[in-house]
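target20.tsv follows; it contains TSV, C-alpha atoms.
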```tsv
chain	number	residue	atom	x	y	z
A	1	MET	CA	10.55	14.95	73.16
A	2	LEU	CA	11.88	11.56	72.16
A	3	ALA	CA	15.38	12.98	71.91
A	4	ALA	CA	15.10	14.30	75.46
A	5	ALA	CA	13.91	10.89	76.69
A	6	ALA	CA	16.84	9.23	74.95
A	7	ARG	CA	19.27	11.66	76.55
A	8	GLY	CA	17.72	10.96	79.96
A	9	LEU	CA	18.14	7.23	79.46
A	10	CYS	CA	21.76	7.68	78.44
A	11	GLY	CA	22.41	9.82	81.50
A	12	ALA	CA	20.91	7.21	83.79
A	13	GLY	CA	23.40	4.60	82.57
A	14	LEU	CA	20.77	2.50	80.83
A	15	SER	CA	22.28	2.89	77.38
A	16	SER	CA	24.24	-0.36	77.73
A	17	ARG	CA	21.05	-2.32	78.34
A	18	LEU	CA	19.07	-0.85	75.38
A	19	PRO	CA	19.47	-2.33	71.93
A	20	GLN	CA	21.53	-0.32	69.51
A	21	THR	CA	18.80	-0.27	66.82
A	22	VAL	CA	15.16	-0.16	67.77
A	23	PRO	CA	12.78	-1.06	64.93
A	24	PHE	CA	10.68	1.87	63.77
A	25	ARG	CA	7.55	1.30	61.73
A	26	GLY	CA	7.13	4.82	60.40
A	27	SER	CA	9.58	4.90	57.51
A	28	HIS	CA	11.92	2.41	55.89
A	29	TRP	CA	14.94	4.73	55.99
A	30	GLN	CA	14.75	5.80	59.63
A	31	SER	CA	16.86	3.34	61.60
A	32	SER	CA	16.17	3.95	65.28
A	33	LEU	CA	14.49	6.16	67.84
A	34	LEU	CA	17.84	6.79	69.47
A	35	ALA	CA	19.71	7.47	66.22
A	36	LEU	CA	19.82	10.78	64.43
A	37	ARG	CA	16.92	11.25	62.06
A	38	ALA	CA	18.85	11.82	58.87
A	39	SER	CA	17.22	12.00	55.50
A	40	LEU	CA	18.59	10.13	52.51
A	41	PRO	CA	20.39	13.10	50.95
A	42	MET	CA	22.36	13.56	54.14
A	43	ARG	CA	23.47	9.94	54.13
A	44	ALA	CA	24.42	9.77	50.43
A	45	GLN	CA	27.96	10.42	49.35
A	46	PRO	CA	28.38	13.32	46.95
A	47	LYS	CA	28.94	12.31	43.35
A	48	LYS	CA	32.36	12.93	41.96
A	49	LYS	CA	32.45	15.18	38.93
A	50	LYS	CA	34.04	13.62	35.91
A	51	LYS	CA	37.12	15.32	34.64
A	52	VAL	CA	36.44	16.79	31.21
A	53	ASP	CA	39.25	16.41	28.75
A	54	VAL	CA	39.03	19.55	26.62
A	55	LYS	CA	41.30	18.23	23.88
A	56	ARG	CA	39.36	15.00	23.47
A	57	GLU	CA	36.03	16.86	23.38
A	58	GLN	CA	37.34	19.32	20.79
A	59	ALA	CA	38.66	16.47	18.64
A	60	GLN	CA	35.26	14.77	18.75
A	61	LYS	CA	33.53	18.01	17.68
A	62	ASP	CA	36.00	18.42	14.81
A	63	ARG	CA	35.34	14.86	13.62
A	64	MET	CA	31.58	15.50	13.63
A	65	LYS	CA	32.05	18.73	11.64
A	66	LYS	CA	34.16	16.89	9.05
A	67	LYS	CA	31.48	14.23	8.67
A	68	ILE	CA	28.77	16.87	8.19
A	69	LYS	CA	30.85	18.70	5.56
A	70	LYS	CA	31.48	15.44	3.71
A	71	LEU	CA	27.77	14.64	3.65
A	72	GLU	CA	26.97	18.15	2.40
A	73	ARG	CA	29.55	17.93	-0.41
A	74	ALA	CA	28.30	14.58	-1.71
A	75	ALA	CA	25.38	14.73	-4.15
A	76	PRO	CA	22.15	13.21	-2.83
A	77	GLU	CA	21.89	9.61	-3.98
A	78	MET	CA	18.57	8.75	-5.56
A	79	ILE	CA	16.79	5.66	-4.37
A	80	PRO	CA	15.87	3.62	-7.48
A	81	ILE	CA	12.32	2.39	-7.91
A	82	GLU	CA	12.73	-1.35	-8.15
A	83	ASP	CA	9.17	-1.93	-9.37
A	84	PHE	CA	9.88	-0.45	-12.82
A	85	VAL	CA	13.24	-2.11	-13.39
A	86	THR	CA	13.12	-5.69	-14.63
A	87	PRO	CA	16.03	-7.76	-13.33
A	88	LEU	CA	18.36	-9.07	-16.01
A	89	LYS	CA	17.84	-12.68	-15.00
A	90	TYR	CA	14.14	-12.36	-15.97
A	91	SER	CA	14.75	-10.54	-19.26
A	92	ASP	CA	16.82	-13.34	-20.77
A	93	SER	CA	15.10	-14.55	-23.94
A	94	ASN	CA	16.77	-17.97	-23.74
A	95	ARG	CA	15.17	-18.63	-20.37
A	96	VAL	CA	12.49	-21.27	-20.95
A	97	ARG	CA	10.53	-22.99	-18.26
A	98	SER	CA	11.09	-26.73	-18.39
A	99	LEU	CA	7.77	-28.54	-18.13
A	100	PRO	CA	7.59	-32.16	-17.12
A	101	PRO	CA	6.92	-34.49	-20.05
A	102	LEU	CA	3.34	-35.73	-20.34
A	103	SER	CA	2.47	-39.36	-20.59
A	104	PHE	CA	0.81	-40.79	-23.71
A	105	GLU	CA	-2.52	-41.31	-21.93
A	106	GLU	CA	-2.59	-37.69	-20.67
A	107	THR	CA	-1.80	-36.34	-24.15
A	108	GLU	CA	-4.60	-38.43	-25.71
A	109	ARG	CA	-7.03	-37.31	-22.99
A	110	ARG	CA	-6.26	-33.64	-23.62
A	111	VAL	CA	-6.64	-34.01	-27.41
A	112	LEU	CA	-10.03	-35.73	-27.01
A	113	LEU	CA	-11.16	-33.08	-24.52
A	114	LEU	CA	-10.20	-30.29	-26.94
A	115	LYS	CA	-12.12	-32.01	-29.77
A	116	LYS	CA	-15.22	-32.45	-27.60
A	117	TRP	CA	-15.05	-28.78	-26.54
A	118	SER	CA	-14.72	-27.62	-30.18
A	119	LEU	CA	-17.74	-29.77	-31.22
A	120	PHE	CA	-19.80	-28.41	-28.30
A	121	LYS	CA	-19.02	-24.76	-29.18
A	122	GLN	CA	-19.77	-25.42	-32.87
A	123	LYS	CA	-23.20	-26.88	-32.02
A	124	GLN	CA	-23.92	-23.97	-29.66
A	125	ASP	CA	-23.05	-21.41	-32.36
A	126	LYS	CA	-25.24	-23.17	-34.93
A	127	ALA	CA	-28.17	-23.28	-32.50
A	128	GLU	CA	-27.87	-19.56	-31.75
A	129	LYS	CA	-27.68	-18.63	-35.44
A	130	LYS	CA	-30.67	-20.85	-36.23
A	131	ALA	CA	-32.73	-19.28	-33.42
A	132	ILE	CA	-31.90	-15.76	-34.65
A	133	GLN	CA	-32.76	-16.72	-38.25
A	134	THR	CA	-36.09	-18.17	-37.13
A	135	LEU	CA	-36.95	-14.99	-35.21
A	136	VAL	CA	-36.04	-12.74	-38.17
A	137	GLU	CA	-38.13	-14.86	-40.57
A	138	ALA	CA	-41.10	-14.78	-38.17
A	139	GLN	CA	-40.75	-10.98	-37.87
A	140	GLN	CA	-40.67	-10.53	-41.65
A	141	GLU	CA	-43.71	-12.79	-42.07
A	142	ALA	CA	-45.62	-10.81	-39.41
A	143	LEU	CA	-44.75	-7.50	-41.10
A	144	LYS	CA	-45.99	-8.81	-44.47
A	145	GLU	CA	-49.31	-9.86	-42.93
A	146	LEU	CA	-49.59	-6.50	-41.11
A	147	ARG	CA	-49.01	-4.58	-44.37
A	148	LEU	CA	-51.82	-6.52	-46.00
A	149	GLU	CA	-54.12	-5.59	-43.11
A	150	SER	CA	-53.23	-1.88	-42.71
A	151	GLU	CA	-50.54	0.32	-44.21
A	152	GLU	CA	-50.84	2.75	-41.27
A	153	LEU	CA	-50.12	0.03	-38.69
A	154	TYR	CA	-47.23	-1.23	-40.82
A	155	GLN	CA	-45.61	2.23	-40.93
A	156	ALA	CA	-46.05	2.58	-37.15
A	157	ALA	CA	-44.45	-0.85	-36.63
A	158	ILE	CA	-41.34	-0.10	-38.71
A	159	ARG	CA	-40.88	3.42	-37.24
A	160	ARG	CA	-37.68	3.88	-35.21
A	161	ASP	CA	-38.20	3.82	-31.44
A	162	GLU	CA	-36.34	6.89	-30.11
A	163	GLY	CA	-36.80	5.86	-26.48
A	164	LEU	CA	-35.20	2.45	-26.95
A	165	LEU	CA	-31.70	3.88	-26.49
A	166	PRO	CA	-31.91	7.10	-24.42
A	167	PHE	CA	-29.13	9.12	-26.08
A	168	GLU	CA	-29.13	12.91	-26.42
A	169	ARG	CA	-26.52	15.02	-28.15
A	170	ASP	CA	-26.35	18.79	-28.49
A	171	GLY	CA	-24.05	20.89	-30.62
A	172	PRO	CA	-22.94	21.10	-34.23
A	173	ASN	CA	-21.96	18.01	-36.13
A	174	TYR	CA	-18.76	19.61	-37.45
A	175	THR	CA	-16.82	22.66	-36.32
A	176	PRO	CA	-14.42	24.14	-38.86
A	177	PRO	CA	-10.99	25.16	-37.50
A	178	LEU	CA	-10.22	28.84	-36.90
A	179	PRO	CA	-7.63	30.08	-39.40
A	180	ASP	CA	-5.58	32.29	-37.00
A	181	TYR	CA	-5.89	30.15	-33.86
A	182	ASP	CA	-2.61	29.42	-32.04
A	183	PRO	CA	-3.17	26.53	-29.62
A	184	PRO	CA	-1.45	26.90	-26.22
A	185	GLU	CA	1.20	24.42	-25.16
A	186	GLY	CA	0.22	22.04	-22.43
A	187	LYS	CA	1.58	22.34	-18.90
A	188	CYS	CA	3.37	19.47	-17.20
A	189	VAL	CA	3.55	19.37	-13.41
A	190	ASP	CA	6.34	17.07	-12.23
A	191	ILE	CA	5.23	15.28	-9.06
A	192	THR	CA	8.10	12.79	-8.95
A	193	LYS	CA	9.20	12.12	-5.39
A	194	VAL	CA	12.89	12.72	-4.69
A	195	TYR	CA	14.56	10.54	-2.06
A	196	THR	CA	17.80	11.62	-0.41
A	197	GLN	CA	20.05	9.66	1.88
```
Would you mind giving the structure from this file in structure tokens?
Amino acid sequence: MLAAAARGLCGAGLSSRLPQTVPFRGSHWQSSLLALRASLPMRAQPKKKKKVDVKREQAQKDRMKKKIKKLERAAPEMIPIEDFVTPLKYSDSNRVRSLPPLSFEETERRVLLLKKWSLFKQKQDKAEKKAIQTLVEAQQEALKELRLESEELYQAAIRRDEGLLPFERDGPNYTPPLPDYDPPEGKCVDITKVYTQ
């Protein structure tokens, strides 16, 4: 219908007065009411096919095959585990860390601190031993007095408490070896990871 109206306008000699491109709000790629409605594929130029050089392509395939064969021939290179290998610069026995020299006051302070610490630990050890000795003497004195009172209570007091350490054990104390027993060899499953490049 619009095309017929455009043809009628052209026939009436009004085409010189009309603008060449009339804006159209419907689509961004349609230019005018009077122009042909051509879709984008009709406007685009056909892409030129690239010329394939057969010799060059064959040479590239041959190079790739040679590289693959070379990789297949070479033995897989193991990736070393760096965590278990000590570097040589750290295993040098002559390597000694150089400490800064201490001043006379700092040396004296450290010596006095060490002496005070030794005296403190000696007093602590003596106090612990004295407390244990006092407890043992008090226990022995109490057992003597209990034995004078009642032999039955004394025997009950010195009886071993089986529930103090809850330990149970079943089975023989000693099992003699079988004379004709051949022990099986142990199995070793190697789970070492193998890295290939």
Note to self: Rounded to one decimal, what separation in Å do you get between CA of Lys49 in chain A and CA of Lys65 in chain A?
What the structure shows: 27.5 Å
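Counting only C-alpha atoms and comparing A:Ala74, A:Leu102, A:Ile79, A:Ala59, the residue that lies closest to Val194 in chain A is A:Ile79.
As for CA of Gln139 in chain A and CA of Lys126 in chain A, they are spaced 19.9 Å apart.
In this model, the gap between CA of Ala157 in chain A and CA of Leu143 in chain A comes to 8.0 Å.
When all atoms listed in the file are used to measure the gap to Leu146 in chain A, the shortest distance among A:Lys67, A:Ile158, A:Ser91, A:Leu113 belongs to A:Ile158.
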Output requested as a PDB file, in the frame of the given file - range 91-102 of chain A, filled out with all heavy atoms.
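Final output, out26.pdb:
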```
ATOM      1  N   SER A  91      14.876 -11.040 -17.894  1.00  0.00           N
ATOM      2  CA  SER A  91      14.750 -10.540 -19.260  1.00  0.00           C
ATOM      3  C   SER A  91      15.542 -11.376 -20.258  1.00  0.00           C
ATOM      4  O   SER A  91      15.663 -10.987 -21.419  1.00  0.00           O
ATOM      5  CB  SER A  91      15.228  -9.080 -19.311  1.00  0.00           C
ATOM      6  OG  SER A  91      16.574  -8.997 -18.913  1.00  0.00           O
ATOM      7  N   ASP A  92      16.076 -12.471 -19.853  1.00  0.00           N
ATOM      8  CA  ASP A  92      16.820 -13.340 -20.770  1.00  0.00           C
ATOM      9  C   ASP A  92      15.853 -14.074 -21.665  1.00  0.00           C
ATOM     10  O   ASP A  92      14.938 -14.769 -21.202  1.00  0.00           O
ATOM     11  CB  ASP A  92      17.673 -14.331 -19.950  1.00  0.00           C
ATOM     12  CG  ASP A  92      18.600 -15.136 -20.837  1.00  0.00           C
ATOM     13  OD1 ASP A  92      18.707 -14.786 -22.032  1.00  0.00           O
ATOM     14  OD2 ASP A  92      19.204 -16.103 -20.349  1.00  0.00           O
ATOM     15  N   SER A  93      16.030 -13.918 -22.992  1.00  0.00           N
ATOM     16  CA  SER A  93      15.100 -14.550 -23.940  1.00  0.00           C
ATOM     17  C   SER A  93      15.311 -16.058 -24.032  1.00  0.00           C
ATOM     18  O   SER A  93      14.414 -16.786 -24.461  1.00  0.00           O
ATOM     19  CB  SER A  93      15.261 -13.919 -25.323  1.00  0.00           C
ATOM     20  OG  SER A  93      16.601 -14.089 -25.766  1.00  0.00           O
ATOM     21  N   ASN A  94      16.490 -16.534 -23.663  1.00  0.00           N
ATOM     22  CA  ASN A  94      16.770 -17.970 -23.740  1.00  0.00           C
ATOM     23  C   ASN A  94      16.205 -18.730 -22.547  1.00  0.00           C
ATOM     24  O   ASN A  94      16.267 -19.956 -22.511  1.00  0.00           O
ATOM     25  CB  ASN A  94      18.276 -18.211 -23.805  1.00  0.00           C
ATOM     26  CG  ASN A  94      18.865 -17.606 -25.059  1.00  0.00           C
ATOM     27  OD1 ASN A  94      18.204 -17.535 -26.084  1.00  0.00           O
ATOM     28  ND2 ASN A  94      20.106 -17.153 -24.967  1.00  0.00           N
ATOM     29  N   ARG A  95      15.684 -17.983 -21.580  1.00  0.00           N
ATOM     30  CA  ARG A  95      15.170 -18.630 -20.370  1.00  0.00           C
ATOM     31  C   ARG A  95      13.794 -19.244 -20.674  1.00  0.00           C
ATOM     32  O   ARG A  95      12.827 -18.538 -20.937  1.00  0.00           O
ATOM     33  CB  ARG A  95      15.045 -17.586 -19.261  1.00  0.00           C
ATOM     34  CG  ARG A  95      14.633 -18.119 -17.935  1.00  0.00           C
ATOM     35  CD  ARG A  95      14.711 -17.002 -16.914  1.00  0.00           C
ATOM     36  NE  ARG A  95      14.162 -17.439 -15.641  1.00  0.00           N
ATOM     37  CZ  ARG A  95      12.904 -17.242 -15.275  1.00  0.00           C
ATOM     38  NH1 ARG A  95      12.078 -16.635 -16.075  1.00  0.00           N
ATOM     39  NH2 ARG A  95      12.479 -17.660 -14.100  1.00  0.00           N
ATOM     40  N   VAL A  96      13.725 -20.544 -20.645  1.00  0.00           N
ATOM     41  CA  VAL A  96      12.490 -21.270 -20.950  1.00  0.00           C
ATOM     42  C   VAL A  96      12.176 -22.168 -19.772  1.00  0.00           C
ATOM     43  O   VAL A  96      13.055 -22.867 -19.249  1.00  0.00           O
ATOM     44  CB  VAL A  96      12.649 -22.114 -22.249  1.00  0.00           C
ATOM     45  CG1 VAL A  96      11.355 -22.862 -22.556  1.00  0.00           C
ATOM     46  CG2 VAL A  96      13.029 -21.214 -23.408  1.00  0.00           C
ATOM     47  N   ARG A  97      10.930 -22.134 -19.378  1.00  0.00           N
ATOM     48  CA  ARG A  97      10.530 -22.990 -18.260  1.00  0.00           C
ATOM     49  C   ARG A  97      10.446 -24.432 -18.739  1.00  0.00           C
ATOM     50  O   ARG A  97       9.813 -24.750 -19.745  1.00  0.00           O
ATOM     51  CB  ARG A  97       9.162 -22.539 -17.749  1.00  0.00           C
ATOM     52  CG  ARG A  97       8.679 -23.359 -16.576  1.00  0.00           C
ATOM     53  CD  ARG A  97       7.395 -22.822 -16.046  1.00  0.00           C
ATOM     54  NE  ARG A  97       7.610 -21.526 -15.418  1.00  0.00           N
ATOM     55  CZ  ARG A  97       6.634 -20.796 -14.883  1.00  0.00           C
ATOM     56  NH1 ARG A  97       5.400 -21.224 -14.921  1.00  0.00           N
ATOM     57  NH2 ARG A  97       6.903 -19.636 -14.334  1.00  0.00           N
ATOM     58  N   SER A  98      11.076 -25.312 -18.007  1.00  0.00           N
ATOM     59  CA  SER A  98      11.090 -26.730 -18.390  1.00  0.00           C
ATOM     60  C   SER A  98       9.881 -27.412 -17.756  1.00  0.00           C
ATOM     61  O   SER A  98       9.762 -27.503 -16.535  1.00  0.00           O
ATOM     62  CB  SER A  98      12.385 -27.391 -17.920  1.00  0.00           C
ATOM     63  OG  SER A  98      12.514 -27.247 -16.522  1.00  0.00           O
ATOM     64  N   LEU A  99       8.971 -27.851 -18.603  1.00  0.00           N
ATOM     65  CA  LEU A  99       7.770 -28.540 -18.130  1.00  0.00           C
ATOM     66  C   LEU A  99       8.028 -30.037 -18.088  1.00  0.00           C
ATOM     67  O   LEU A  99       8.776 -30.578 -18.914  1.00  0.00           O
ATOM     68  CB  LEU A  99       6.597 -28.233 -19.064  1.00  0.00           C
ATOM     69  CG  LEU A  99       6.159 -26.764 -19.109  1.00  0.00           C
ATOM     70  CD1 LEU A  99       5.093 -26.573 -20.173  1.00  0.00           C
ATOM     71  CD2 LEU A  99       5.637 -26.318 -17.768  1.00  0.00           C
ATOM     72  N   PRO A 100       7.406 -30.704 -17.161  1.00  0.00           N
ATOM     73  CA  PRO A 100       7.590 -32.160 -17.120  1.00  0.00           C
ATOM     74  C   PRO A 100       6.918 -32.824 -18.325  1.00  0.00           C
ATOM     75  O   PRO A 100       5.857 -32.376 -18.771  1.00  0.00           O
ATOM     76  CB  PRO A 100       6.887 -32.568 -15.803  1.00  0.00           C
ATOM     77  CG  PRO A 100       5.927 -31.469 -15.519  1.00  0.00           C
ATOM     78  CD  PRO A 100       6.545 -30.219 -16.063  1.00  0.00           C
ATOM     79  N   PRO A 101       7.514 -33.829 -18.875  1.00  0.00           N
ATOM     80  CA  PRO A 101       6.920 -34.490 -20.050  1.00  0.00           C
ATOM     81  C   PRO A 101       5.620 -35.207 -19.667  1.00  0.00           C
ATOM     82  O   PRO A 101       5.506 -35.810 -18.600  1.00  0.00           O
ATOM     83  CB  PRO A 101       8.000 -35.489 -20.495  1.00  0.00           C
ATOM     84  CG  PRO A 101       8.831 -35.714 -19.276  1.00  0.00           C
ATOM     85  CD  PRO A 101       8.788 -34.450 -18.477  1.00  0.00           C
ATOM     86  N   LEU A 102       4.635 -35.097 -20.580  1.00  0.00           N
ATOM     87  CA  LEU A 102       3.340 -35.730 -20.340  1.00  0.00           C
ATOM     88  C   LEU A 102       3.360 -37.167 -20.833  1.00  0.00           C
ATOM     89  O   LEU A 102       4.019 -37.502 -21.812  1.00  0.00           O
ATOM     90  CB  LEU A 102       2.230 -34.950 -21.057  1.00  0.00           C
ATOM     91  CG  LEU A 102       2.025 -33.497 -20.598  1.00  0.00           C
ATOM     92  CD1 LEU A 102       1.006 -32.821 -21.494  1.00  0.00           C
ATOM     93  CD2 LEU A 102       1.572 -33.452 -19.156  1.00  0.00           C
TER      94      LEU A 102
END
```
